[in-house]
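Peer 1: This structure is in structure tokens; I'll ask about it shortly.
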Amino acid sequence: MPAADHFPPADSDPRPDEAAHPLAMVVCSACGLAQLAHDDTVTAEPRGVEPRALREQAADAVRRVSDAGLLRGRTVREFASPHGGSWLELLAGRGFAVTERPADLVLDSFGLMHERDQAAAVAGRVAATAPGGVLLLQYHPLHTIVTQGQWNALRHGHFAYYSLRVLRDMLATAGMSVLTVWDFELYGGTVLLAAVHGDAASDDAVRRVLDREDGADALDGLQRAADRHTASLRATLESAAARGERVYAYGAASRAVALFCRAGIRRELLAGVADAAPAKQGRRMPGTDVPIISPAQLLAARPDRVLLTVPDLLAEVSERFPELAGRWFVDESDQTRGRPIR
């Protein structure tokens with residue numbers, strides 16, 4: 001596959017070696033942690049635009065943590081992520097001040113998976129949490145990825161894929177206990193956990209998630225999902241082209257990189273991908289010749305259909321671009337299975 005976070009200039013031709021980076025998942029037979037088998041990519045990820053769905057989820061999470069009585073103390077420290085946005089403004093409104101010292105509240109929203117050395121990364125987050133403090137860690141569960149066939153959640157730069165059982169054990173090794181968890185619909189199902197120093201009993205929410213994870217380790221199904229997904233997308237785009245339809249996409253997301261490359265998508269099938277991030281505009285999807293354009297260019301093109309690569313954006317883009325009503329559709333890896341959005 002191409003490097004998931006390297007978008008070449010739009011006027012450059014795809015090189016033969018552009019999609020030559022191995023991409024595979026392995027699972028530790030001892031601890032159960034799923035990780036990249038190998039990552040030889042070294043790129044600077046373009047800064048994206050934080051979607052509204054992520055901002056709303058963050059606000060909901062802060063409310064839930066507060067209702068549980070776990071917004072303790074007055075200092076906060078955040079481990080940044082290319083995907084997680086920032087919760088600091090929300091917490092500043094609740095009286096928290098940022099510190100570089102061990103903090104009463106430590107945040108990590110989808111950041112841990114970007115660390116090559118997982119043991120060191122967990123130890124660093126534990127050390128950043130003051131005695132009596134709370135560590136909040138949000139992650140995209142392996143259970144979600146497997147049960148929903150989200151094979152293209154596997155990407156370069158995402159070094160680890162977690163179950164709650166694995167994270168609980170990793171935190172225990174570093175001296176923390178998981179108190180509780182919260183479920184969110186973001187990305188098809190994500191989990192936020194709260195952990196504290198020392199030994200502490202987990203609640204029923206933790207036990208519910210652990211029970212849900214049992215039996216969700218059939219990772220070989222992801223390969224079959226990849227085969228079905230890429231074949232279906234290509235067939236959909238070829239049928240649209242045969243009907244003379246002009247199809248574009250919205251969202252130059254990392255999950256679309258492997259999808260488009262593996263499906264062999266070219267400009268004659270997908271004329272362009274719109275993205276709100278200025279850093280991606282004027283570039284192309286790696287491994288393809290499909291250009292990344294601005295939302296204004298998408299509207300000017302007056303497409304017949306628009307493939308939404310990140311379904312969580314649907315409410316936001318539907319409101320922002322009423323001109324495209326009835327033209328949206330999502331790819332078949334998601335629960336809508338490629339049906340048009342009306």
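Ordering of the structure tokens sets the chain letters (A, B, ...), residue numbers begin anew at 1 in every chain, and ligands are numbered from 1 in the order given.
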List the spatial neighbours of Leu307 of chain A as number ranges by chain - criterion: any atom at most 6 Å away, only C-alpha atoms, same-chain residues fewer than 5 positions off excluded.

Peer 2: A: 249, 328-330

Peer 1: Quick one: pick out all strand (DSSP E or B) residues within segment 63-245 of chain A from a backbone DSSP run and write them as number ranges by chain.

Peer 2: A: 75-79, 97-98, 103-109, 129-139, 141, 160-162, 176-184, 190-197

Peer 1: If we count only C-alpha atoms, what is near segment 237-241 of chain A at a cut-off of 10 Å, once residues fewer than 4 positions away on the same chain are taken out, given as an MDAnalysis selection string?

Peer 2: chainID A and resid 232:233 245:248 265 268:270 304:305 307

Peer 1: Those same residues, written as an mmCIF file, in the first residue's frame with N, CA and C atoms?

Peer 2:
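Written out: selection_20.cif:
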```cif
data_model
loop_
_atom_site.group_PDB
_atom_site.id
_atom_site.type_symbol
_atom_site.label_atom_id
_atom_site.label_comp_id
_atom_site.auth_asym_id
_atom_site.auth_seq_id
_atom_site.Cartn_x
_atom_site.Cartn_y
_atom_site.Cartn_z
ATOM 1 N N SER A 232 -16.413 -4.365 -4.776
ATOM 2 C CA SER A 232 -17.720 -3.729 -4.845
ATOM 3 C C SER A 232 -17.603 -2.256 -5.229
ATOM 4 N N LEU A 233 -16.635 -1.546 -4.633
ATOM 5 C CA LEU A 233 -16.474 -0.130 -4.966
ATOM 6 C C LEU A 233 -16.117 0.044 -6.432
ATOM 7 N N GLU A 245 -22.324 8.873 -15.683
ATOM 8 C CA GLU A 245 -22.385 9.701 -14.476
ATOM 9 C C GLU A 245 -20.992 10.190 -14.084
ATOM 10 N N ARG A 246 -20.941 11.394 -13.579
ATOM 11 C CA ARG A 246 -19.689 11.973 -13.072
ATOM 12 C C ARG A 246 -19.683 11.828 -11.551
ATOM 13 N N VAL A 247 -18.760 11.005 -11.065
ATOM 14 C CA VAL A 247 -18.697 10.698 -9.643
ATOM 15 C C VAL A 247 -17.468 11.351 -9.032
ATOM 16 N N TYR A 248 -17.672 12.002 -7.899
ATOM 17 C CA TYR A 248 -16.593 12.560 -7.090
ATOM 18 C C TYR A 248 -16.676 11.922 -5.698
ATOM 19 N N ILE A 265 -8.511 2.594 -8.440
ATOM 20 C CA ILE A 265 -9.333 3.727 -8.861
ATOM 21 C C ILE A 265 -8.491 4.742 -9.633
ATOM 22 N N GLU A 268 -10.801 8.333 -14.470
ATOM 23 C CA GLU A 268 -11.949 8.050 -15.327
ATOM 24 C C GLU A 268 -13.117 7.444 -14.539
ATOM 25 N N LEU A 269 -12.828 6.942 -13.338
ATOM 26 C CA LEU A 269 -13.884 6.402 -12.482
ATOM 27 C C LEU A 269 -14.277 7.364 -11.372
ATOM 28 N N LEU A 270 -13.316 8.110 -10.856
ATOM 29 C CA LEU A 270 -13.553 9.063 -9.770
ATOM 30 C C LEU A 270 -12.803 10.341 -10.125
ATOM 31 N N ASP A 304 -22.777 14.088 -10.382
ATOM 32 C CA ASP A 304 -24.011 13.307 -10.325
ATOM 33 C C ASP A 304 -24.115 12.541 -9.015
ATOM 34 N N ARG A 305 -22.977 12.057 -8.499
ATOM 35 C CA ARG A 305 -22.951 11.318 -7.241
ATOM 36 C C ARG A 305 -21.686 11.685 -6.494
ATOM 37 N N LEU A 307 -19.285 10.144 -3.337
ATOM 38 C CA LEU A 307 -18.946 9.096 -2.384
ATOM 39 C C LEU A 307 -18.414 9.739 -1.111
#
```

Peer 1: Which segment 94-185 of chain A residues have any atom within 8 Å of an atom of segment 251-256 of chain A, and for each, what is the nearest pair of atoms with distance in Å to one decimal, counting only C-alpha atoms, rows sorted by chain and number, as CSV?

Peer 2:
```
residue,atom,partner,partner_atom,distance
A:Asn152,CA,A:Arg255,CA,5.2
A:Ala153,CA,A:Arg255,CA,5.8
A:Leu154,CA,A:Arg255,CA,7.9
A:Arg155,CA,A:Arg255,CA,7.4
```

Peer 1: Restricting it to C-alpha atoms, dump the selection as a CSV table (one decimal), in the first residue's frame.

Peer 2:
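Full text of out_3.csv as output:
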```
chain,number,residue,atom,x,y,z
A,152,ASN,CA,-8.9,-0.1,6.0
A,153,ALA,CA,-8.6,1.2,9.6
A,154,LEU,CA,-5.3,-0.7,9.3
A,155,ARG,CA,-2.9,1.8,8.0
```

Peer 1: Neighbouring residues of Ser202 of chain A were defined as those with any atom within 9 Å, considering only C-alpha atoms; residues of the same chain fewer than 4 positions away were excluded. Please report them as a PyMOL selection string.

Peer 2: chain A and resi 177-180+206-207

Peer 1: Which residues in segment 63-183 of chain A does DSSP call alpha helix (DSSP H)? List them as a count of residues only.

Peer 2: 36

Peer 1: Dump as a Markdown table the rows for residues of segment 5-84 of chain A within 7 Å of segment 97-107 of chain A: closest atom pair and distance in Å with one decimal, only C-alpha atoms counted, ordered by chain and rising residue number.

Peer 2:
```
| residue | atom | partner | partner_atom | distance |
| --- | --- | --- | --- | --- |
| A:Arg72 | CA | A:Asp104 | CA | 6.3 |
| A:Gly73 | CA | A:Asp104 | CA | 5.2 |
| A:Arg74 | CA | A:Ala97 | CA | 6.2 |
| A:Thr75 | CA | A:Ala97 | CA | 4.9 |
| A:Val76 | CA | A:Leu105 | CA | 4.7 |
| A:Arg77 | CA | A:Val106 | CA | 4.9 |
| A:Glu78 | CA | A:Leu107 | CA | 4.6 |
| A:Phe79 | CA | A:Leu107 | CA | 6.1 |
```

Peer 1: Measuring atom to atom with only C-alpha atoms, identify which of A:Val122, A:Ala296, A:Leu90, A:Met170 is nearest to Val62 of chain A.

Peer 2: A:Leu90

Peer 1: Per residue of segment 38-154 of chain A within 9 Å of segment 172-175 of chain A, what are the shortest atom pair and its distance in Å to one decimal, counting only C-alpha atoms, with rows by chain and residue number, as CSV?

Peer 2:
```
residue,atom,partner,partner_atom,distance
A:Ala119,CA,A:Ala174,CA,8.5
A:Val122,CA,A:Ala174,CA,7.2
A:Ala123,CA,A:Ala174,CA,5.7
A:Val126,CA,A:Ala174,CA,6.8
A:Ala127,CA,A:Ala174,CA,8.8
```

Peer 1: How many Å lie between atom CA of Leu222 of chain A and atom CA of Thr147 of chain A, rounded to one decimal?

Peer 2: 9.0 Å

Peer 1: Using only C-alpha atoms, determine which residues lie at most 12 Å from segment 18-29 of chain A, disregarding the query and same-chain residues fewer than 2 positions distant; provide the list as a ChimeraX atom specification.

Peer 2: /A:1-4,6-8,12-16,31-42,142,151-163,166,217-220,222-223,257-262,264,285-289
